[in-house]
file model_23.pdb (PDB, C-alpha atoms)
MODEL        1
ATOM      1  CA  MET A   1      -2.999  12.683   2.394
ATOM      2  CA  ASN A   2      -6.767  12.661   2.235
ATOM      3  CA  THR A   3      -7.827  13.639  -1.274
ATOM      4  CA  ILE A   4      -6.372  14.372  -4.661
ATOM      5  CA  ALA A   5      -6.465  18.151  -5.026
ATOM      6  CA  GLY A   6      -5.707  18.875  -8.648
ATOM      7  CA  GLY A   7      -3.333  15.918  -8.700
ATOM      8  CA  SER A   8      -0.834  17.562  -6.356
ATOM      9  CA  ASP A   9      -1.268  15.015  -3.554
ATOM     10  CA  LEU A  10      -0.901  12.151  -6.018
ATOM     11  CA  LEU A  11       2.264  13.716  -7.416
ATOM     12  CA  SER A  12       3.798  14.174  -3.961
ATOM     13  CA  TYR A  13       2.827  10.602  -3.082
ATOM     14  CA  TYR A  14       4.537   9.369  -6.256
ATOM     15  CA  ASN A  15       7.663  11.368  -5.421
ATOM     16  CA  GLU A  16       7.770   9.964  -1.876
ATOM     17  CA  LEU A  17       7.540   6.412  -3.196
ATOM     18  CA  TYR A  18      10.108   6.605  -5.957
ATOM     19  CA  SER A  19      12.552   9.369  -5.074
ATOM     20  CA  THR A  20      14.122   7.638  -2.066
ATOM     21  CA  SER A  21      14.480   3.982  -2.893
ATOM     22  CA  GLY A  22      13.708   3.437  -6.555
ATOM     23  CA  LYS A  23      12.234   0.047  -5.605
ATOM     24  CA  THR A  24       8.724  -1.208  -5.946
ATOM     25  CA  SER A  25       6.578  -1.329  -2.862
ATOM     26  CA  GLY A  26       6.712  -5.132  -2.813
ATOM     27  CA  SER A  27      10.494  -5.394  -2.576
ATOM     28  CA  SER A  28      10.608  -2.475  -0.159
ATOM     29  CA  LEU A  29       8.063  -4.202   2.080
ATOM     30  CA  GLU A  30       9.960  -7.465   1.855
ATOM     31  CA  ASN A  31      13.160  -5.707   2.972
ATOM     32  CA  THR A  32      11.300  -4.092   5.849
ATOM     33  CA  LEU A  33       9.840  -7.396   7.006
ATOM     34  CA  THR A  34      12.960  -9.545   6.662
ATOM     35  CA  ASN A  35      15.708  -7.171   7.803
ATOM     36  CA  LYS A  36      14.351  -6.152  11.193
ATOM     37  CA  ASP A  37      14.014  -7.899  14.525
ATOM     38  CA  TYR A  38      10.532  -6.976  15.709
ATOM     39  CA  SER A  39      11.026  -8.445  19.181
ATOM     40  CA  THR A  40      12.444  -5.046  20.215
ATOM     41  CA  ALA A  41      10.061  -2.941  18.127
ATOM     42  CA  THR A  42       7.850  -0.280  19.589
ATOM     43  CA  GLU A  43       4.089  -0.622  19.187
ATOM     44  CA  LYS A  44       4.133   2.204  16.628
ATOM     45  CA  GLU A  45       6.839   0.506  14.513
ATOM     46  CA  LEU A  46       4.911  -2.746  14.627
ATOM     47  CA  MET A  47       1.636  -1.086  13.600
ATOM     48  CA  ASP A  48       3.400   0.843  10.812
ATOM     49  CA  VAL A  49       4.747  -2.329   9.214
ATOM     50  CA  CYS A  50       1.326  -3.984   9.560
ATOM     51  CA  LYS A  51      -0.285  -1.026   7.784
ATOM     52  CA  GLN A  52       2.346  -1.245   5.044
ATOM     53  CA  PHE A  53       1.449  -4.891   4.559
ATOM     54  CA  GLU A  54      -2.281  -4.122   4.461
ATOM     55  CA  SER A  55      -1.690  -1.361   1.938
ATOM     56  CA  TYR A  56       0.380  -3.672  -0.270
ATOM     57  CA  PHE A  57      -2.282  -6.390  -0.015
ATOM     58  CA  VAL A  58      -5.052  -3.960  -1.010
ATOM     59  CA  GLU A  59      -2.907  -2.646  -3.882
ATOM     60  CA  GLN A  60      -2.467  -6.166  -5.269
ATOM     61  CA  MET A  61      -6.183  -6.819  -4.858
ATOM     62  CA  LEU A  62      -7.036  -3.637  -6.808
ATOM     63  CA  LYS A  63      -4.686  -4.603  -9.625
ATOM     64  CA  GLN A  64      -6.301  -8.025  -9.943
ATOM     65  CA  MET A  65      -9.789  -6.530  -9.832
ATOM     66  CA  GLU A  66      -8.875  -4.117 -12.617
ATOM     67  CA  LYS A  67      -7.829  -7.020 -14.837
ATOM     68  CA  MET A  68     -11.379  -8.357 -14.612
ATOM     69  CA  VAL A  69     -12.903  -5.199 -16.113
ATOM     70  CA  PRO A  70     -13.443  -5.622 -19.863
ATOM     71  CA  LYS A  71     -11.607  -3.103 -22.052
ATOM     72  CA  SER A  72     -13.596  -1.084 -24.574
ATOM     73  CA  GLU A  73     -12.427   0.796 -27.644
ATOM     74  CA  GLU A  74     -13.657   4.071 -26.146
ATOM     75  CA  SER A  75     -11.294   3.785 -23.198
ATOM     76  CA  SER A  76      -8.051   3.859 -25.206
ATOM     77  CA  THR A  77      -7.048   7.302 -23.868
ATOM     78  CA  THR A  78      -7.743   6.218 -20.306
ATOM     79  CA  ASP A  79      -5.804   2.999 -20.894
ATOM     80  CA  LYS A  80      -2.702   4.974 -21.912
ATOM     81  CA  TYR A  81      -2.805   6.940 -18.666
ATOM     82  CA  MET A  82      -3.455   3.833 -16.598
ATOM     83  CA  ASP A  83      -0.523   2.082 -18.265
ATOM     84  CA  TYR A  84       1.695   4.980 -17.284
ATOM     85  CA  PHE A  85       0.296   5.971 -13.865
ATOM     86  CA  GLY A  86      -1.646   2.838 -12.902
ATOM     87  CA  ASP A  87       0.782   1.561 -10.269
ATOM     88  CA  THR A  88       0.971   4.947  -8.597
ATOM     89  CA  PHE A  89      -2.802   5.260  -8.665
ATOM     90  CA  HIS A  90      -3.244   1.804  -7.115
ATOM     91  CA  GLN A  91      -0.707   2.598  -4.388
ATOM     92  CA  TYR A  92      -2.435   5.881  -3.594
ATOM     93  CA  ILE A  93      -5.895   4.296  -3.404
ATOM     94  CA  ALA A  94      -4.567   1.395  -1.320
ATOM     95  CA  GLY A  95      -2.945   3.855   1.109
ATOM     96  CA  THR A  96      -6.197   5.792   1.339
ATOM     97  CA  ILE A  97      -8.178   2.606   2.036
ATOM     98  CA  THR A  98      -5.652   1.542   4.675
ATOM     99  CA  GLU A  99      -5.988   4.878   6.472
ATOM    100  CA  SER A 100      -9.795   4.998   6.162
ATOM    101  CA  ASN A 101     -12.226   4.115   8.923
ATOM    102  CA  GLY A 102     -10.362   6.189  11.506
ATOM    103  CA  GLY A 103      -7.011   4.633  10.630
ATOM    104  CA  GLN A 104      -8.410   1.107  10.998
ATOM    105  CA  GLY A 105      -8.451   0.343   7.266
ATOM    106  CA  ILE A 106     -10.078  -2.969   6.416
ATOM    107  CA  GLY A 107      -8.791  -4.711   9.543
ATOM    108  CA  ILE A 108      -5.884  -6.762   8.219
ATOM    109  CA  ALA A 109      -3.287  -4.517   9.874
ATOM    110  CA  LYS A 110      -5.066  -4.664  13.237
ATOM    111  CA  THR A 111      -5.335  -8.466  13.130
ATOM    112  CA  LEU A 112      -1.729  -8.863  12.003
ATOM    113  CA  TYR A 113      -0.595  -6.429  14.720
ATOM    114  CA  LYS A 114      -2.312  -8.462  17.444
ATOM    115  CA  GLN A 115      -0.787 -11.680  16.147
ATOM    116  CA  MET A 116       2.720 -10.190  15.870
ATOM    117  CA  LYS A 117       2.507  -8.925  19.453
ATOM    118  CA  ILE A 118       1.696 -12.451  20.588
ATOM    119  CA  ASN A 119       4.419 -14.026  18.412
ATOM    120  CA  TYR A 120       7.100 -11.626  19.633
ATOM    121  CA  GLY A 121       5.957 -11.772  23.267
ATOM    122  CA  LEU A 122       5.136  -8.064  23.418
ATOM    123  CA  GLU A 123       1.839  -8.475  25.267
TER     124      GLU A 123
ENDMDL
END
call {"tool": "encode", "arguments": {"input": "model_23.pdb", "output": "structure tokens"}}
result
Amino acid sequence: MNTIAGGSDLLSYYNELYSTSGKTSGSSLENTLTNKDYSTATEKELMDVCKQFESYFVEQMLKQMEKMVPKSEESSTTDKYMDYFGDTFHQYIAGTITESNGGQGIGIAKTLYKQMKINYGLE
């Protein structure tokens, strides 16, 4: 998913997130991290969970940054849409940031991946 083309990619992203589990990304990530023994994980599984964590971290960062932007009276229409679709928008942008830079994101996933390999004795 690279860009929003007429909203269709955002809609499919929303459907992927909410049609299967019905849980928020935070509780889903927590279940992923706590209910699996990563000592037997493949490198791909380990990197996938690290990218999920990075994406969740970026999403939370975006939400906090948005709270710092002052609201104006002219943005009331935009505010209604952000109230309704804001979480989905933040998740989409966070996923895009995580997959940017040739799949390297901002580097949290890569650093976490290296540390998890050491912790689980996979190196």
call {"tool": "atom_distance", "arguments": {"input": "model_23.pdb", "atom1": "CA of Lys71 (chain A)", "atom2": "CA of Ile93 (chain A)"}}
result
20.9 Å
call {"tool": "resolve_selection", "arguments": {"input": "model_23.pdb", "expression": "the PyMOL selection byres ((chain A and resi 49) around 10)", "output": "MDAnalysis selection string"}}
result
chainID A and resid 29 32:33 38 44:48 50:55 109 112:113
call {"tool": "atom_distance", "arguments": {"input": "model_23.pdb", "atom1": "CA of Ala94 (chain A)", "atom2": "CA of Asp79 (chain A)"}}
result
19.7 Å
call {"tool": "atom_distance", "arguments": {"input": "model_23.pdb", "atom1": "CA of Gln115 (chain A)", "atom2": "CA of Ala41 (chain A)"}}
result
14.1 Å
call {"tool": "resolve_selection", "arguments": {"input": "model_23.pdb", "expression": "the PyMOL selection byres ((chain A and resi 97) around 12)", "output": "VMD selection string"}}
result
chain A and resid 1 to 3 51 to 52 54 to 59 61 to 62 90 to 96 98 to 109
call {"tool": "closest_residue", "arguments": {"input": "model_23.pdb", "among": "A:Tyr81, A:Phe89, A:Glu73, A:Glu43", "to": "Lys114 (chain A)", "atoms": "only C-alpha atoms"}}
result
A:Glu43
call {"tool": "build_atoms", "arguments": {"input": "model_23.pdb", "residues": "region 40-60 of chain A", "atoms": "N, CA and C atoms", "output": "PDB file, in the coordinates of the input"}}
result
ATOM      1  N   THR A  40      12.096  -6.262  19.486  1.00  0.00           N
ATOM      2  CA  THR A  40      12.444  -5.046  20.215  1.00  0.00           C
ATOM      3  C   THR A  40      11.711  -3.819  19.666  1.00  0.00           C
ATOM      4  N   ALA A  41      10.762  -4.045  18.772  1.00  0.00           N
ATOM      5  CA  ALA A  41      10.061  -2.941  18.127  1.00  0.00           C
ATOM      6  C   ALA A  41       9.079  -2.274  19.079  1.00  0.00           C
ATOM      7  N   THR A  42       8.884  -0.994  18.851  1.00  0.00           N
ATOM      8  CA  THR A  42       7.850  -0.280  19.589  1.00  0.00           C
ATOM      9  C   THR A  42       6.495  -0.633  18.978  1.00  0.00           C
ATOM     10  N   GLU A  43       5.420  -0.332  19.705  1.00  0.00           N
ATOM     11  CA  GLU A  43       4.089  -0.622  19.187  1.00  0.00           C
ATOM     12  C   GLU A  43       3.824   0.157  17.904  1.00  0.00           C
ATOM     13  N   LYS A  44       4.327   1.387  17.830  1.00  0.00           N
ATOM     14  CA  LYS A  44       4.133   2.204  16.628  1.00  0.00           C
ATOM     15  C   LYS A  44       4.852   1.587  15.429  1.00  0.00           C
ATOM     16  N   GLU A  45       6.100   1.139  15.604  1.00  0.00           N
ATOM     17  CA  GLU A  45       6.839   0.506  14.513  1.00  0.00           C
ATOM     18  C   GLU A  45       6.121  -0.753  14.029  1.00  0.00           C
ATOM     19  N   LEU A  46       5.616  -1.520  14.965  1.00  0.00           N
ATOM     20  CA  LEU A  46       4.911  -2.746  14.627  1.00  0.00           C
ATOM     21  C   LEU A  46       3.633  -2.440  13.843  1.00  0.00           C
ATOM     22  N   MET A  47       2.867  -1.450  14.302  1.00  0.00           N
ATOM     23  CA  MET A  47       1.636  -1.086  13.600  1.00  0.00           C
ATOM     24  C   MET A  47       1.951  -0.500  12.227  1.00  0.00           C
ATOM     25  N   ASP A  48       3.023   0.270  12.107  1.00  0.00           N
ATOM     26  CA  ASP A  48       3.400   0.843  10.812  1.00  0.00           C
ATOM     27  C   ASP A  48       3.687  -0.244   9.781  1.00  0.00           C
ATOM     28  N   VAL A  49       4.427  -1.263  10.163  1.00  0.00           N
ATOM     29  CA  VAL A  49       4.747  -2.329   9.214  1.00  0.00           C
ATOM     30  C   VAL A  49       3.491  -3.137   8.891  1.00  0.00           C
ATOM     31  N   CYS A  50       2.591  -3.284   9.827  1.00  0.00           N
ATOM     32  CA  CYS A  50       1.326  -3.984   9.560  1.00  0.00           C
ATOM     33  C   CYS A  50       0.471  -3.188   8.577  1.00  0.00           C
ATOM     34  N   LYS A  51       0.463  -1.869   8.721  1.00  0.00           N
ATOM     35  CA  LYS A  51      -0.285  -1.026   7.784  1.00  0.00           C
ATOM     36  C   LYS A  51       0.347  -1.062   6.399  1.00  0.00           C
ATOM     37  N   GLN A  52       1.677  -1.127   6.335  1.00  0.00           N
ATOM     38  CA  GLN A  52       2.346  -1.245   5.044  1.00  0.00           C
ATOM     39  C   GLN A  52       1.931  -2.542   4.354  1.00  0.00           C
ATOM     40  N   PHE A  53       1.861  -3.615   5.132  1.00  0.00           N
ATOM     41  CA  PHE A  53       1.449  -4.891   4.559  1.00  0.00           C
ATOM     42  C   PHE A  53       0.008  -4.818   4.068  1.00  0.00           C
ATOM     43  N   GLU A  54      -0.882  -4.244   4.873  1.00  0.00           N
ATOM     44  CA  GLU A  54      -2.281  -4.122   4.461  1.00  0.00           C
ATOM     45  C   GLU A  54      -2.396  -3.297   3.185  1.00  0.00           C
ATOM     46  N   SER A  55      -1.660  -2.211   3.117  1.00  0.00           N
ATOM     47  CA  SER A  55      -1.690  -1.361   1.938  1.00  0.00           C
ATOM     48  C   SER A  55      -1.208  -2.119   0.707  1.00  0.00           C
ATOM     49  N   TYR A  56      -0.139  -2.882   0.842  1.00  0.00           N
ATOM     50  CA  TYR A  56       0.380  -3.672  -0.270  1.00  0.00           C
ATOM     51  C   TYR A  56      -0.641  -4.731  -0.692  1.00  0.00           C
ATOM     52  N   PHE A  57      -1.264  -5.375   0.276  1.00  0.00           N
ATOM     53  CA  PHE A  57      -2.282  -6.390  -0.015  1.00  0.00           C
ATOM     54  C   PHE A  57      -3.443  -5.780  -0.791  1.00  0.00           C
ATOM     55  N   VAL A  58      -3.940  -4.640  -0.337  1.00  0.00           N
ATOM     56  CA  VAL A  58      -5.052  -3.960  -1.010  1.00  0.00           C
ATOM     57  C   VAL A  58      -4.640  -3.540  -2.420  1.00  0.00           C
ATOM     58  N   GLU A  59      -3.410  -3.043  -2.564  1.00  0.00           N
ATOM     59  CA  GLU A  59      -2.907  -2.646  -3.882  1.00  0.00           C
ATOM     60  C   GLU A  59      -2.938  -3.826  -4.853  1.00  0.00           C
ATOM     61  N   GLN A  60      -2.464  -4.984  -4.417  1.00  0.00           N
ATOM     62  CA  GLN A  60      -2.467  -6.166  -5.269  1.00  0.00           C
ATOM     63  C   GLN A  60      -3.892  -6.604  -5.600  1.00  0.00           C
TER      64      GLN A  60
END
